[in-house]
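Student: After the structure tokens below, expect a handful of questions from me.
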Amino acid sequence: MPGNHHLAMLFWAAREVLRVPGRSVLLFICLSSLVFLMSTPLLFGRALDETWMRLVKGAPDLVIRRIDAGGWAPLPSDESVSLAGTVPGALDPVARLWGVATGPDGPLTVVASAGVLSEDATNGIKPPSAGQAIVGQLIKRSVSGTQLKLVSRHQIEVEVVGSFPPDTHLVTSDVVWIAEEDARQLLGLSPNQASDIAIRLFRKEEETAIQKDLAAAFPWPVRITDRSTSALRHHSLATKAGGVGVLLAVPALLAMLFLITEVIVGSRRRFSFWVLLQSMGWTTGDLVRVELAKAVIVGAPAIVSGLTLAHAFVFSTRLAGITAYLISGRRKLPALTLDATGALLVMIYVTVLVGLPYLAAVFLTSLRATSGDPQRLIGSDSWS
Amino acid sequence: MELTAGLCCHELDFQWPGKGNKGEMVLRDIEARFLPGTITLVTGETGAGKSTMLHLLAGLLRPTAGEVRADGDPVSRWPAQHKNRWRQQVGIVFQHLALIPDLSVAENLLLRLLPCRISDDRMKRSIVRQLAEADLSDAAASPARELSGGQRQRLAIARALIGHPRFVLMDEPTAFQDDDHTSRVGRQLEAAAKEGAVVVVCSHDPRLRKLDSIDRQYHLAASSLTLRYEG
């Protein structure tokens, strides 16, 4: 009855794991840590990449900002829209009103024109009147009561009357939507001034070429940001993060090899035990199967827990800040998302990268140790 | 050599590999037959090579020359993986017992049955019966390390006999037993032989020589095996 035999061997493997709980726990911790160390940067890198691509999906192709000796400067909105409209290929120029202010928990983004936010975020929400604010989920949690104090060029206090839908958390978590007049007061902008001009392109391929024409069309210095450059910058960060994962993987894999050598090969008592089992009719196949089953019994939950921990450290709001700081040096990052396929690919990659060498090491060492004659150990060991 | 049932040693030589043995032969030109349904006692001084001969019969050592045949098959020439499976028919008691101290008494017996592909119920029945025969039923769940010397030896004997092996090989099985338990071990050997097993016992315990059920007695000295008694 082979089915029963395999089940009995599986139970025996579990019993063997329990016989040496300290070693099993150590192996579990090492494997779990290894998976965590490898998968966290990989998940982070991919998630950051994907999140950024989602963020910029609905963003304008080009954004024009005026600069002067002091840095960013407001630009005259009507004149700027009119100038941008004269450049062939530049479509739908829109003057936007937004800026950065300090809220109860640090910097946040203040927007006043609906064009800055995606339609998904503002859909079904009544625009705020003067003295009112619609806030993202992160800010909603940090506000005690309904009054929100904002500080930028000037200080204002608004009443929180609503929040953005939770499913738009990715783009609205640190956003405060206030009325135009409040924004102008807060940011110190006069009625005919805007923060920047957003432009859509007739042909996306002209993204680089058209920037010269646009810059020449304005009578003051401007800085033009295109979507590809922004995406590339974030992609570099993501790639760098992924690279950290690979760099971590090398010493981690070496550590695992030492661990396997110590646990599997280093133990002479284990050899003696195998010889004893062989003297009782255990075949090489039986012994290797039990060793592999033991490896899976400890390794599978270790890999799952390592991946779960990595997932938490990348996607949990509370823990992701630590990961972001350690990997990219930035605490403030948008909440990261990764679709199921992307996450699955990373998990399969790490499982294969850790699981296969681990199982191969167990397989090869146990096969090598049990496939020969027991003679070489009988003469030197005390059990016989 | 003709094909025959039981265990046969033919022109068996053994020398430990390595430089430290100075070319001394442990066993030289051993000719012996151990027949099914009989008990054979091998006597000899300490260090005469009794344990080594038992390990050769169990296929745990490879002879330097000659061969061991089991029911006509040249098992000593087989590759390791074939010998491992064949050893499911061998029950062996080592001189130093080789129990697993942290496993329970019942689990030590289970180790012998696990590779035999038998049902759980049959395994349980076999373990219960062997524990009763070894007078160890009360200690089934105790770790082997908590047993006395005599109990540990009876456990090692029970492990060798469980599953009705075709070949029973025992090295000093009564060294730690009182007279009563020595008689009990004798009865267990008789029962195994009656079931058709080949029983080979290496011992210099004089109490075993007096057992009526001993069919043959060999003596091992100066690397040679000589027949002393045949019933």
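Every chain in the structure tokens has a letter given in the order shown (A, B, ...), and although residue numbers restart at 1 in each chain, ligands are simply numbered from 1 in the order shown.
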Compile the contact shell of Trp78 of chain B as a list in words: residues with an atom at most 12 Å away, counting only C-alpha atoms, same-chain residues fewer than 6 positions apart removed.
Tutor: Gly372 and Asp373 of chain A; Gly59, Leu60, Leu61, Arg62, Pro63, Glu67, Val68, Arg69, Ala70, Asn84, Arg85, Trp86 and Arg87 of chain B
Student: Any idea what's packed within 7 Å of Val90 of chain B, counting only C-alpha atoms, ignoring anything in its chain fewer than 2 positions away? Could you give it as a VMD selection string?
Tutor: chain B and resid 58 87 to 88 92 165 to 168
Student: For chain A, work out the contacting residues on chain B at 10 Å, counting only C-alpha atoms, and write them as an MDAnalysis selection string.
Tutor: chainID B and resid 16:17 51:52 55:56 58:62 79:100 102:103 107 110:120 159:160
Student: Using only C-alpha atoms, determine which residues lie at most 12 Å from Arg187 of chain B, disregarding the query and same-chain residues fewer than 3 positions distant; provide the list as a PDB file with N, CA, C and O atoms, in the first residue's frame.
Tutor:
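The result, stored in part24.pdb:
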ATOM      1  N   ILE B  39      18.540 -22.436  15.206  1.00  0.00           N
ATOM      2  CA  ILE B  39      19.255 -21.393  15.949  1.00  0.00           C
ATOM      3  C   ILE B  39      20.727 -21.772  15.972  1.00  0.00           C
ATOM      4  O   ILE B  39      21.075 -22.885  16.365  1.00  0.00           O
ATOM      5  N   GLU B 133       5.573  -9.355  24.515  1.00  0.00           N
ATOM      6  CA  GLU B 133       6.547 -10.453  24.572  1.00  0.00           C
ATOM      7  C   GLU B 133       7.854 -10.021  25.225  1.00  0.00           C
ATOM      8  O   GLU B 133       8.560 -10.834  25.821  1.00  0.00           O
ATOM      9  N   ALA B 134       8.163  -8.729  25.098  1.00  0.00           N
ATOM     10  CA  ALA B 134       9.406  -8.234  25.697  1.00  0.00           C
ATOM     11  C   ALA B 134       9.191  -7.722  27.120  1.00  0.00           C
ATOM     12  O   ALA B 134      10.122  -7.172  27.712  1.00  0.00           O
ATOM     13  N   ASP B 180      15.789 -15.311  34.350  1.00  0.00           N
ATOM     14  CA  ASP B 180      14.411 -15.406  33.859  1.00  0.00           C
ATOM     15  C   ASP B 180      14.274 -14.792  32.472  1.00  0.00           C
ATOM     16  O   ASP B 180      13.661 -15.370  31.577  1.00  0.00           O
ATOM     17  N   HIS B 181      14.841 -13.613  32.339  1.00  0.00           N
ATOM     18  CA  HIS B 181      14.699 -12.935  31.043  1.00  0.00           C
ATOM     19  C   HIS B 181      15.565 -13.606  29.975  1.00  0.00           C
ATOM     20  O   HIS B 181      15.222 -13.563  28.793  1.00  0.00           O
ATOM     21  N   THR B 182      16.668 -14.248  30.404  1.00  0.00           N
ATOM     22  CA  THR B 182      17.461 -15.002  29.430  1.00  0.00           C
ATOM     23  C   THR B 182      16.629 -16.149  28.872  1.00  0.00           C
ATOM     24  O   THR B 182      16.636 -16.430  27.660  1.00  0.00           O
ATOM     25  N   SER B 183      15.868 -16.807  29.761  1.00  0.00           N
ATOM     26  CA  SER B 183      14.981 -17.885  29.307  1.00  0.00           C
ATOM     27  C   SER B 183      13.917 -17.338  28.369  1.00  0.00           C
ATOM     28  O   SER B 183      13.579 -17.957  27.357  1.00  0.00           O
ATOM     29  N   ARG B 184      13.412 -16.133  28.716  1.00  0.00           N
ATOM     30  CA  ARG B 184      12.390 -15.504  27.871  1.00  0.00           C
ATOM     31  C   ARG B 184      12.963 -15.219  26.474  1.00  0.00           C
ATOM     32  O   ARG B 184      12.321 -15.480  25.453  1.00  0.00           O
ATOM     33  N   GLU B 190      13.368 -19.349  19.887  1.00  0.00           N
ATOM     34  CA  GLU B 190      12.722 -20.593  19.440  1.00  0.00           C
ATOM     35  C   GLU B 190      11.498 -20.295  18.586  1.00  0.00           C
ATOM     36  O   GLU B 190      11.293 -20.931  17.539  1.00  0.00           O
ATOM     37  N   ALA B 191      10.712 -19.322  19.057  1.00  0.00           N
ATOM     38  CA  ALA B 191       9.487 -18.988  18.316  1.00  0.00           C
ATOM     39  C   ALA B 191       9.842 -18.481  16.916  1.00  0.00           C
ATOM     40  O   ALA B 191       9.197 -18.844  15.924  1.00  0.00           O
ATOM     41  N   ALA B 192      10.896 -17.661  16.838  1.00  0.00           N
ATOM     42  CA  ALA B 192      11.312 -17.135  15.526  1.00  0.00           C
ATOM     43  C   ALA B 192      11.774 -18.273  14.625  1.00  0.00           C
ATOM     44  O   ALA B 192      11.432 -18.314  13.435  1.00  0.00           O
ATOM     45  N   ALA B 193      12.544 -19.197  15.198  1.00  0.00           N
ATOM     46  CA  ALA B 193      13.034 -20.329  14.401  1.00  0.00           C
ATOM     47  C   ALA B 193      11.872 -21.208  13.936  1.00  0.00           C
ATOM     48  O   ALA B 193      11.853 -21.686  12.794  1.00  0.00           O
ATOM     49  N   LYS B 194      10.877 -21.386  14.810  1.00  0.00           N
ATOM     50  CA  LYS B 194       9.718 -22.213  14.426  1.00  0.00           C
ATOM     51  C   LYS B 194       8.953 -21.599  13.259  1.00  0.00           C
ATOM     52  O   LYS B 194       8.331 -22.300  12.480  1.00  0.00           O
ATOM     53  N   LEU B 208      23.391 -19.286  27.384  1.00  0.00           N
ATOM     54  CA  LEU B 208      22.808 -19.551  26.060  1.00  0.00           C
ATOM     55  C   LEU B 208      23.256 -20.909  25.520  1.00  0.00           C
ATOM     56  O   LEU B 208      22.511 -21.595  24.838  1.00  0.00           O
ATOM     57  N   LEU B 211      21.011 -23.766  26.312  1.00  0.00           N
ATOM     58  CA  LEU B 211      19.641 -23.850  25.785  1.00  0.00           C
ATOM     59  C   LEU B 211      19.495 -25.074  24.883  1.00  0.00           C
ATOM     60  O   LEU B 211      20.340 -25.334  24.022  1.00  0.00           O
ATOM     61  N   ASP B 212      18.401 -25.844  25.096  1.00  0.00           N
ATOM     62  CA  ASP B 212      18.165 -27.043  24.287  1.00  0.00           C
ATOM     63  C   ASP B 212      17.920 -26.698  22.826  1.00  0.00           C
ATOM     64  O   ASP B 212      18.147 -27.524  21.936  1.00  0.00           O
ATOM     65  N   SER B 213      17.419 -25.489  22.629  1.00  0.00           N
ATOM     66  CA  SER B 213      16.998 -25.148  21.268  1.00  0.00           C
ATOM     67  C   SER B 213      18.154 -24.764  20.351  1.00  0.00           C
ATOM     68  O   SER B 213      17.948 -24.513  19.161  1.00  0.00           O
ATOM     69  N   ILE B 214      19.371 -24.699  20.861  1.00  0.00           N
ATOM     70  CA  ILE B 214      20.515 -24.379  20.002  1.00  0.00           C
ATOM     71  C   ILE B 214      20.780 -25.584  19.087  1.00  0.00           C
ATOM     72  O   ILE B 214      21.027 -26.688  19.541  1.00  0.00           O
TER      73      ILE B 214
END
Student: For segment 23-33 of chain A, list every protein, DNA or RNA residue within 7 Å, evaluated using only C-alpha atoms, and leave out those in the same chain fewer than 6 positions away; present the list as a VMD selection string.
Tutor: chain A and resid 17 298 to 299 302 to 303 305 to 306
Student: With C-alpha atoms retained, could you export that selection as an mmCIF file, in the first residue's frame?
Tutor:
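Contents of again.cif, freshly written:
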data_model
loop_
_atom_site.group_PDB
_atom_site.id
_atom_site.type_symbol
_atom_site.label_atom_id
_atom_site.label_comp_id
_atom_site.auth_asym_id
_atom_site.auth_seq_id
_atom_site.Cartn_x
_atom_site.Cartn_y
_atom_site.Cartn_z
ATOM 1 C CA VAL A 17 11.048 17.824 12.927
ATOM 2 C CA VAL A 298 9.891 23.548 7.900
ATOM 3 C CA GLY A 299 10.619 25.404 4.665
ATOM 4 C CA ALA A 302 9.027 29.668 6.621
ATOM 5 C CA ILE A 303 8.805 30.886 3.028
ATOM 6 C CA SER A 305 5.798 33.686 6.648
ATOM 7 C CA GLY A 306 8.771 35.487 5.081
#
Student: So, counting only C-alpha atoms, which residue among B:Ala132, B:Ala5, B:Ala48, B:Val75 is closest to Leu35 of chain B?
Tutor: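 For Leu35 of chain B, the nearest of the given residues is B:Ala5.
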Student: Just the residues within 8 Å of Ser142 of chain B, please, counting only C-alpha atoms, with nothing from its chain fewer than 3 positions along; format it as a VMD selection string.
Tutor: chain B and resid 104 to 105 139 146 to 147
Student: If we count only C-alpha atoms, what is near Gly149 of chain B at a cut-off of 7 Å, once residues fewer than 3 positions away on the same chain are taken out, given as a PyMOL selection string?
Tutor: chain B and resi 152-153+176
Student: Would you write out those residues with C-alpha atoms, as a compact mmCIF listing (two decimals), in the first residue's frame?
Tutor:
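The file below, result.txt, is the result:
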# COMPACT_ATOMS: atom_id res chain seq x y z
CA ARG B 152 16.85 -1.53 26.66
CA GLN B 153 18.31 -4.81 25.53
CA PHE B 176 22.24 -7.51 30.61
Student: Measure the distance from atom CA of Glu50 of chain A to atom CA of Thr109 of chain A in Å and round it to one decimal.
Tutor: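 Atom-to-atom, atom CA of Glu50 of chain A to atom CA of Thr109 of chain A, that is 21.5 Å.
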